[in-house]
Amino acid sequence: MAKVKQAAVDNEPFDVYIICMISDDEPAVDTIRMIREKDESAKIILCAYDWADIEEEAKSAGVTGFAAKPLDINKLVEVLKKYIS
């Protein structure tokens, strides 16, 4: 989050954020909400083995799309093409 906040201060936001659903720091949905507070136009992709239980909450928090784990380079490119235009 420190880099997200600094990017907002510097007026140089990231184009896309890939957030892992499982995080030691804080729940992914809380992280997504904090990113949205700093950057409303960001593309946010939630990466998880299964997001069915939090899909509604994640979308309402501002998730642009989802990516299934494990995420290899080919899947990453596919996901980015799908959600980033």
# chains A, B, ... in the order shown; residues from 1 in each chain; ligands from 1
call {"tool": "residues_around", "arguments": {"residues": "Glu37 (chain A)", "least_positions_apart": "5", "cutoff": "12 Å", "atoms": "only C-alpha atoms", "output": "JSON, numbers by chain"}}
result
{"A": [1, 4, 5, 8, 30, 31, 32, 42, 61, 62]}
call {"tool": "residues_around", "arguments": {"residues": "Ile45 (chain A)", "least_positions_apart": "2", "cutoff": "7 Å", "atoms": "only C-alpha atoms", "output": "count of residues only"}}
result
10
call {"tool": "residues_around", "arguments": {"residues": "region 68-75 of chain A", "least_positions_apart": "5", "cutoff": "8 Å", "atoms": "only C-alpha atoms", "output": "list of chain:residue names"}}
result
A:Cys47, A:Ala48, A:Tyr49, A:Asp50
call {"tool": "residues_around", "arguments": {"residues": "Ala2 (chain A)", "least_positions_apart": "4", "cutoff": "12 Å", "atoms": "only C-alpha atoms", "output": "list of chain:residue names"}}
result
A:Gln6, A:Ala7, A:Ala8, A:Val9, A:Thr31, A:Met34, A:Ile35, A:Lys38
call {"tool": "select_by_dssp", "arguments": {"residues": "region 2-59 of chain A", "states": "helix (DSSP H, G or I)", "output": "JSON, numbers by chain"}}
result
{"A": [2, 3, 4, 5, 6, 7, 8, 9, 28, 29, 30, 31, 32, 33, 34, 35, 36, 37, 38, 52, 53, 54, 55, 56, 57, 58, 59]}
call {"tool": "write_last_selection", "arguments": {"atoms": "N, CA, C and O atoms", "output": "mmCIF file, in the first residue's frame"}}
result
data_model
loop_
_atom_site.group_PDB
_atom_site.id
_atom_site.type_symbol
_atom_site.label_atom_id
_atom_site.label_comp_id
_atom_site.auth_asym_id
_atom_site.auth_seq_id
_atom_site.Cartn_x
_atom_site.Cartn_y
_atom_site.Cartn_z
ATOM 1 N N ALA A 2 2.041 1.174 0.543
ATOM 2 C CA ALA A 2 2.915 2.340 0.557
ATOM 3 C C ALA A 2 3.217 2.801 -0.867
ATOM 4 O O ALA A 2 3.209 4.003 -1.153
ATOM 5 N N LYS A 3 3.450 1.857 -1.773
ATOM 6 C CA LYS A 3 3.727 2.222 -3.170
ATOM 7 C C LYS A 3 2.487 2.781 -3.846
ATOM 8 O O LYS A 3 2.595 3.692 -4.673
ATOM 9 N N VAL A 4 1.320 2.265 -3.517
ATOM 10 C CA VAL A 4 0.067 2.789 -4.068
ATOM 11 C C VAL A 4 -0.121 4.235 -3.629
ATOM 12 O O VAL A 4 -0.429 5.115 -4.438
ATOM 13 N N LYS A 5 0.084 4.485 -2.337
ATOM 14 C CA LYS A 5 -0.073 5.838 -1.806
ATOM 15 C C LYS A 5 0.948 6.789 -2.421
ATOM 16 O O LYS A 5 0.606 7.915 -2.790
ATOM 17 N N GLN A 6 2.188 6.343 -2.545
ATOM 18 C CA GLN A 6 3.218 7.201 -3.129
ATOM 19 C C GLN A 6 2.916 7.490 -4.598
ATOM 20 O O GLN A 6 3.122 8.604 -5.068
ATOM 21 N N ALA A 7 2.432 6.496 -5.327
ATOM 22 C CA ALA A 7 2.081 6.707 -6.733
ATOM 23 C C ALA A 7 0.976 7.754 -6.858
ATOM 24 O O ALA A 7 0.991 8.585 -7.766
ATOM 25 N N ALA A 8 0.016 7.745 -5.928
ATOM 26 C CA ALA A 8 -1.052 8.742 -5.934
ATOM 27 C C ALA A 8 -0.493 10.134 -5.636
ATOM 28 O O ALA A 8 -0.853 11.114 -6.296
ATOM 29 N N VAL A 9 0.396 10.218 -4.658
ATOM 30 C CA VAL A 9 1.018 11.502 -4.302
ATOM 31 C C VAL A 9 1.814 12.047 -5.494
ATOM 32 O O VAL A 9 1.760 13.239 -5.804
ATOM 33 N N ALA A 28 -7.757 -9.136 0.962
ATOM 34 C CA ALA A 28 -7.658 -8.574 -0.384
ATOM 35 C C ALA A 28 -8.730 -7.520 -0.650
ATOM 36 O O ALA A 28 -8.442 -6.496 -1.262
ATOM 37 N N VAL A 29 -9.953 -7.752 -0.204
ATOM 38 C CA VAL A 29 -11.034 -6.798 -0.461
ATOM 39 C C VAL A 29 -10.746 -5.463 0.215
ATOM 40 O O VAL A 29 -11.015 -4.401 -0.351
ATOM 41 N N ASP A 30 -10.161 -5.480 1.388
ATOM 42 C CA ASP A 30 -9.786 -4.229 2.056
ATOM 43 C C ASP A 30 -8.699 -3.504 1.260
ATOM 44 O O ASP A 30 -8.741 -2.276 1.116
ATOM 45 N N THR A 31 -7.756 -4.248 0.741
ATOM 46 C CA THR A 31 -6.699 -3.657 -0.081
ATOM 47 C C THR A 31 -7.300 -3.025 -1.331
ATOM 48 O O THR A 31 -6.931 -1.913 -1.722
ATOM 49 N N ILE A 32 -8.242 -3.711 -1.951
ATOM 50 C CA ILE A 32 -8.900 -3.199 -3.149
ATOM 51 C C ILE A 32 -9.630 -1.889 -2.847
ATOM 52 O O ILE A 32 -9.535 -0.921 -3.608
ATOM 53 N N ARG A 33 -10.321 -1.851 -1.740
ATOM 54 C CA ARG A 33 -11.018 -0.612 -1.357
ATOM 55 C C ARG A 33 -10.030 0.544 -1.158
ATOM 56 O O ARG A 33 -10.301 1.672 -1.564
ATOM 57 N N MET A 34 -8.907 0.261 -0.545
ATOM 58 C CA MET A 34 -7.905 1.308 -0.327
ATOM 59 C C MET A 34 -7.328 1.798 -1.658
ATOM 60 O O MET A 34 -7.096 2.995 -1.833
ATOM 61 N N ILE A 35 -7.102 0.886 -2.589
ATOM 62 C CA ILE A 35 -6.614 1.293 -3.914
ATOM 63 C C ILE A 35 -7.650 2.180 -4.590
ATOM 64 O O ILE A 35 -7.318 3.217 -5.154
ATOM 65 N N ARG A 36 -8.910 1.794 -4.524
ATOM 66 C CA ARG A 36 -9.988 2.570 -5.142
ATOM 67 C C ARG A 36 -10.072 3.983 -4.565
ATOM 68 O O ARG A 36 -10.389 4.928 -5.269
ATOM 69 N N GLU A 37 -9.792 4.114 -3.280
ATOM 70 C CA GLU A 37 -9.804 5.450 -2.665
ATOM 71 C C GLU A 37 -8.738 6.350 -3.284
ATOM 72 O O GLU A 37 -8.940 7.550 -3.387
ATOM 73 N N LYS A 38 -7.629 5.765 -3.683
ATOM 74 C CA LYS A 38 -6.517 6.528 -4.247
ATOM 75 C C LYS A 38 -6.590 6.643 -5.765
ATOM 76 O O LYS A 38 -6.074 7.595 -6.345
ATOM 77 N N ALA A 52 -15.347 -17.601 -5.629
ATOM 78 C CA ALA A 52 -16.807 -17.663 -5.609
ATOM 79 C C ALA A 52 -17.403 -17.092 -4.322
ATOM 80 O O ALA A 52 -18.424 -16.402 -4.367
ATOM 81 N N ASP A 53 -16.762 -17.356 -3.195
ATOM 82 C CA ASP A 53 -17.311 -16.901 -1.910
ATOM 83 C C ASP A 53 -17.258 -15.391 -1.727
ATOM 84 O O ASP A 53 -18.045 -14.840 -0.960
ATOM 85 N N ILE A 54 -16.347 -14.712 -2.420
ATOM 86 C CA ILE A 54 -16.240 -13.263 -2.235
ATOM 87 C C ILE A 54 -16.448 -12.473 -3.531
ATOM 88 O O ILE A 54 -16.197 -11.279 -3.574
ATOM 89 N N GLU A 55 -16.940 -13.133 -4.584
ATOM 90 C CA GLU A 55 -17.071 -12.469 -5.880
ATOM 91 C C GLU A 55 -17.923 -11.197 -5.805
ATOM 92 O O GLU A 55 -17.511 -10.141 -6.290
ATOM 93 N N GLU A 56 -19.083 -11.277 -5.196
ATOM 94 C CA GLU A 56 -19.968 -10.102 -5.088
ATOM 95 C C GLU A 56 -19.290 -8.968 -4.328
ATOM 96 O O GLU A 56 -19.302 -7.819 -4.761
ATOM 97 N N GLU A 57 -18.708 -9.295 -3.180
ATOM 98 C CA GLU A 57 -18.042 -8.286 -2.361
ATOM 99 C C GLU A 57 -16.846 -7.688 -3.108
ATOM 100 O O GLU A 57 -16.636 -6.467 -3.066
ATOM 101 N N ALA A 58 -16.102 -8.522 -3.797
ATOM 102 C CA ALA A 58 -14.936 -8.044 -4.536
ATOM 103 C C ALA A 58 -15.354 -7.103 -5.661
ATOM 104 O O ALA A 58 -14.745 -6.050 -5.858
ATOM 105 N N LYS A 59 -16.407 -7.447 -6.378
ATOM 106 C CA LYS A 59 -16.880 -6.583 -7.455
ATOM 107 C C LYS A 59 -17.372 -5.253 -6.903
ATOM 108 O O LYS A 59 -17.086 -4.197 -7.474
#
call {"tool": "select_by_dssp", "arguments": {"residues": "region 8-85 of chain A", "states": "strand (DSSP E or B)", "output": "list in words"}}
result
Val16, Tyr17, Ile18, Ile19, Cys20, Lys43, Ile44, Ile45, Leu46, Cys47, Ala48, Gly65, Phe66, Ala67 and Ala68 of chain A
call {"tool": "write_last_selection", "arguments": {"atoms": "C-alpha atoms", "output": "mmCIF file, in the first residue's frame"}}
result
data_model
loop_
_atom_site.group_PDB
_atom_site.id
_atom_site.type_symbol
_atom_site.label_atom_id
_atom_site.label_comp_id
_atom_site.auth_asym_id
_atom_site.auth_seq_id
_atom_site.Cartn_x
_atom_site.Cartn_y
_atom_site.Cartn_z
ATOM 1 C CA VAL A 16 -3.107 -2.364 -13.283
ATOM 2 C CA TYR A 17 -2.982 -4.017 -9.881
ATOM 3 C CA ILE A 18 -2.889 -7.778 -9.452
ATOM 4 C CA ILE A 19 -3.961 -8.623 -5.926
ATOM 5 C CA CYS A 20 -3.621 -12.065 -4.380
ATOM 6 C CA LYS A 43 -7.735 -1.908 -13.313
ATOM 7 C CA ILE A 44 -7.711 -4.402 -10.454
ATOM 8 C CA ILE A 45 -7.414 -8.137 -10.993
ATOM 9 C CA LEU A 46 -8.009 -10.485 -8.080
ATOM 10 C CA CYS A 47 -5.923 -13.643 -8.311
ATOM 11 C CA ALA A 48 -7.225 -16.686 -6.427
ATOM 12 C CA GLY A 65 -11.691 -9.021 -13.168
ATOM 13 C CA PHE A 66 -10.468 -12.315 -11.821
ATOM 14 C CA ALA A 67 -7.542 -14.621 -12.591
ATOM 15 C CA ALA A 68 -7.293 -18.242 -11.560
#
call {"tool": "atom_distance", "arguments": {"atom1": "CA of Asp15 (chain A)", "atom2": "CA of Ser85 (chain A)"}}
result
10.6 Å
